[in-house]
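Report on the following structure.
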Amino acid sequence: MRDGGPARDAVGCSAGHRRRRARIGADGGHRDGHRDVRASERHAAHARGGGRARRAGAPLSDISRRLYRTKPDAQLRLFGRVLERLDRRLDGRLVWSTLREADFAATRALPAHGEGIIDLLAQAEDAEVAILFKEAGPTTRLSVRTRPGGVDATVLTGLWSGGGHARAAGATVALPVDDAVAPVLDAAERLVAAVAR
């Protein structure tokens, strides 16, 4: 026991929490919940680095901003291009946009900079379903987010053999992005129309 609470490991998890969350991945590697243990170790290293900076006199607000609240300029330009294409149906209950391969070259963004765009789209005020269509050569990757108590995202992505969770799911459509948008939106529109709020 430390400070009246359970003992914690290097990542900050109690033994009971780790037992509840631990499982063996399909590749036989140890995983912790949804995160790879290596990712947890990286997170712990960042946290330790922040602790050292704080002990050295750096303000906690500066540490938090640098770790969690800053984005490279290229990523912001990429987000801007995707937000410029934001569209909606059903009075905003269905929102979507596209992320094209050319956007990365135009903004000098890295593929990792595309992470988080779908979560930004999902913040649309009236959106029951938010979809990001990501161009991937001759195919289209879908990222879907839904509101609690409404559409199950896996029902939509399951139409293209995708999966995930009720609120966050994905799939790959075997069509170029320009051809994939219409059938996905038609299916999403039917699901959203069935939600009564």
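Letters for chains follow the order of the structure tokens (A, B, ...), residue numbers begin at 1 for each chain, and ligand numbers begin at 1 in the order shown.
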
Item checked: Shell around Lys134 (chain A) at 8 Å using only C-alpha atoms, local window under 5 positions removed, as a ChimeraX atom specification -> /A:98-101,140-143,177

Margin query: Residues within 10 Å of region 186-190 of chain A, please, as a list in words. Count only C-alpha atoms; anything in the same chain fewer than 6 positions from it doesn't count.
Written below: Arg89, Leu90, Arg93, Leu94, Val95, Glu128, Val129, Ala130, Ile131, Val144, Val151, Ala153, Val155, Leu156, Thr157 and Leu159 of chain A

DSSP on the backbone, then: every residue of region 37-197 of chain A marked strand (DSSP E or B), written as a compact mmCIF listing (two decimals) with N, CA and C atoms, in the first residue's frame.
# COMPACT_ATOMS: atom_id res chain seq x y z
N ASP A 87 -19.31 17.49 -44.70
CA ASP A 87 -20.65 17.54 -45.28
C ASP A 87 -21.61 16.87 -44.32
N ARG A 88 -22.90 17.02 -44.58
CA ARG A 88 -23.90 16.49 -43.65
C ARG A 88 -25.19 16.14 -44.36
N ARG A 89 -25.93 15.24 -43.73
CA ARG A 89 -27.27 14.86 -44.16
C ARG A 89 -28.16 14.80 -42.92
N LEU A 94 -25.99 13.06 -39.59
CA LEU A 94 -24.98 12.26 -40.27
C LEU A 94 -23.96 13.24 -40.85
N VAL A 95 -22.72 13.14 -40.40
CA VAL A 95 -21.65 14.01 -40.91
C VAL A 95 -20.52 13.13 -41.43
N TRP A 96 -19.81 13.67 -42.44
CA TRP A 96 -18.69 12.91 -43.00
C TRP A 96 -17.72 13.84 -43.70
N SER A 97 -16.56 13.30 -43.93
CA SER A 97 -15.56 13.98 -44.74
C SER A 97 -14.63 12.94 -45.32
N THR A 98 -13.70 13.41 -46.17
CA THR A 98 -12.74 12.51 -46.80
C THR A 98 -11.32 12.96 -46.51
N LEU A 99 -10.46 12.00 -46.40
CA LEU A 99 -9.02 12.22 -46.26
C LEU A 99 -8.38 11.55 -47.47
N VAL A 129 -23.98 9.98 -36.26
CA VAL A 129 -22.92 9.19 -36.89
C VAL A 129 -21.95 10.14 -37.58
N ALA A 130 -20.66 9.91 -37.35
CA ALA A 130 -19.60 10.63 -38.06
C ALA A 130 -18.77 9.60 -38.79
N ILE A 131 -18.47 9.89 -40.05
CA ILE A 131 -17.70 8.95 -40.88
C ILE A 131 -16.54 9.70 -41.53
N LEU A 132 -15.37 9.09 -41.47
CA LEU A 132 -14.22 9.59 -42.21
C LEU A 132 -13.88 8.55 -43.27
N PHE A 133 -13.91 8.97 -44.53
CA PHE A 133 -13.53 8.13 -45.66
C PHE A 133 -12.06 8.40 -45.95
N LYS A 134 -11.22 7.39 -45.81
CA LYS A 134 -9.78 7.56 -46.03
C LYS A 134 -9.36 6.82 -47.30
N GLU A 135 -8.89 7.59 -48.27
CA GLU A 135 -8.43 7.00 -49.52
C GLU A 135 -7.21 6.13 -49.25
N ALA A 136 -7.26 4.90 -49.74
CA ALA A 136 -6.16 3.95 -49.56
C ALA A 136 -5.93 3.21 -50.87
N THR A 139 -8.80 1.18 -52.60
CA THR A 139 -9.81 0.89 -51.57
C THR A 139 -10.05 2.13 -50.72
N THR A 140 -11.03 2.03 -49.84
CA THR A 140 -11.38 3.12 -48.93
C THR A 140 -11.48 2.57 -47.52
N ARG A 141 -10.78 3.19 -46.60
CA ARG A 141 -10.90 2.81 -45.19
C ARG A 141 -11.93 3.72 -44.53
N LEU A 142 -12.81 3.12 -43.77
CA LEU A 142 -13.84 3.87 -43.03
C LEU A 142 -13.49 3.94 -41.56
N SER A 143 -13.66 5.10 -40.98
CA SER A 143 -13.64 5.24 -39.52
C SER A 143 -14.99 5.81 -39.15
N VAL A 144 -15.64 5.18 -38.19
CA VAL A 144 -17.01 5.56 -37.81
C VAL A 144 -17.07 5.80 -36.31
N ARG A 145 -17.75 6.87 -35.92
CA ARG A 145 -18.02 7.16 -34.52
C ARG A 145 -19.51 7.43 -34.38
N THR A 146 -20.10 6.96 -33.27
CA THR A 146 -21.53 7.16 -33.04
C THR A 146 -21.79 7.64 -31.62
N GLY A 163 -15.36 -4.09 -38.21
CA GLY A 163 -15.70 -4.36 -36.83
C GLY A 163 -15.21 -3.25 -35.93
N GLY A 164 -15.24 -3.51 -34.65
CA GLY A 164 -14.82 -2.53 -33.66
C GLY A 164 -15.72 -2.59 -32.46
N ALA A 168 -17.22 3.06 -31.82
CA ALA A 168 -16.07 3.32 -32.70
C ALA A 168 -15.74 2.07 -33.48
N ALA A 169 -15.83 2.16 -34.80
CA ALA A 169 -15.59 0.98 -35.62
C ALA A 169 -14.97 1.40 -36.95
N GLY A 170 -14.50 0.41 -37.68
CA GLY A 170 -13.88 0.69 -38.97
C GLY A 170 -14.06 -0.47 -39.93
N ALA A 171 -13.79 -0.19 -41.20
CA ALA A 171 -13.90 -1.21 -42.24
C ALA A 171 -13.12 -0.75 -43.45
N THR A 172 -12.87 -1.68 -44.35
CA THR A 172 -12.28 -1.36 -45.64
C THR A 172 -13.28 -1.72 -46.72
N VAL A 173 -13.59 -0.73 -47.56
CA VAL A 173 -14.52 -0.92 -48.67
C VAL A 173 -13.67 -1.13 -49.92

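Minimum atom-to-atom distances from A:Gly150, A:Leu120, A:Arg167, A:Ala105 to Ala196 (chain A) were compared using only C-alpha atoms, and the lowest value belongs to A:Gly150.
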
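The shell of residues at most 10 Å from Ala106 (chain A), with only C-alpha atoms counted and near chain neighbours (fewer than 5 positions) removed, consists of Ala74, Arg77, Leu78, Arg81 and Glu101 of chain A.
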
Notebook entry, point to check: Mind pulling up the distance from CA of Asp179 (chain A) to CA of Ile117 (chain A)?
Noted result: 21.3 Å

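Going from CA of Pro138 (chain A) over to CA of Gly92 (chain A), you cover 29.0 Å.
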
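Nearest to Ala194 (chain A) of all the residues A:Thr70, A:Ile118, A:Asp152, A:Pro111 is A:Asp152, counting only C-alpha atoms.
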
Checklist line | Separation of CA of Arg197 (chain A) from CA of Gly158 (chain A), in Å and rounded to one decimal | finding: 23.9 Å
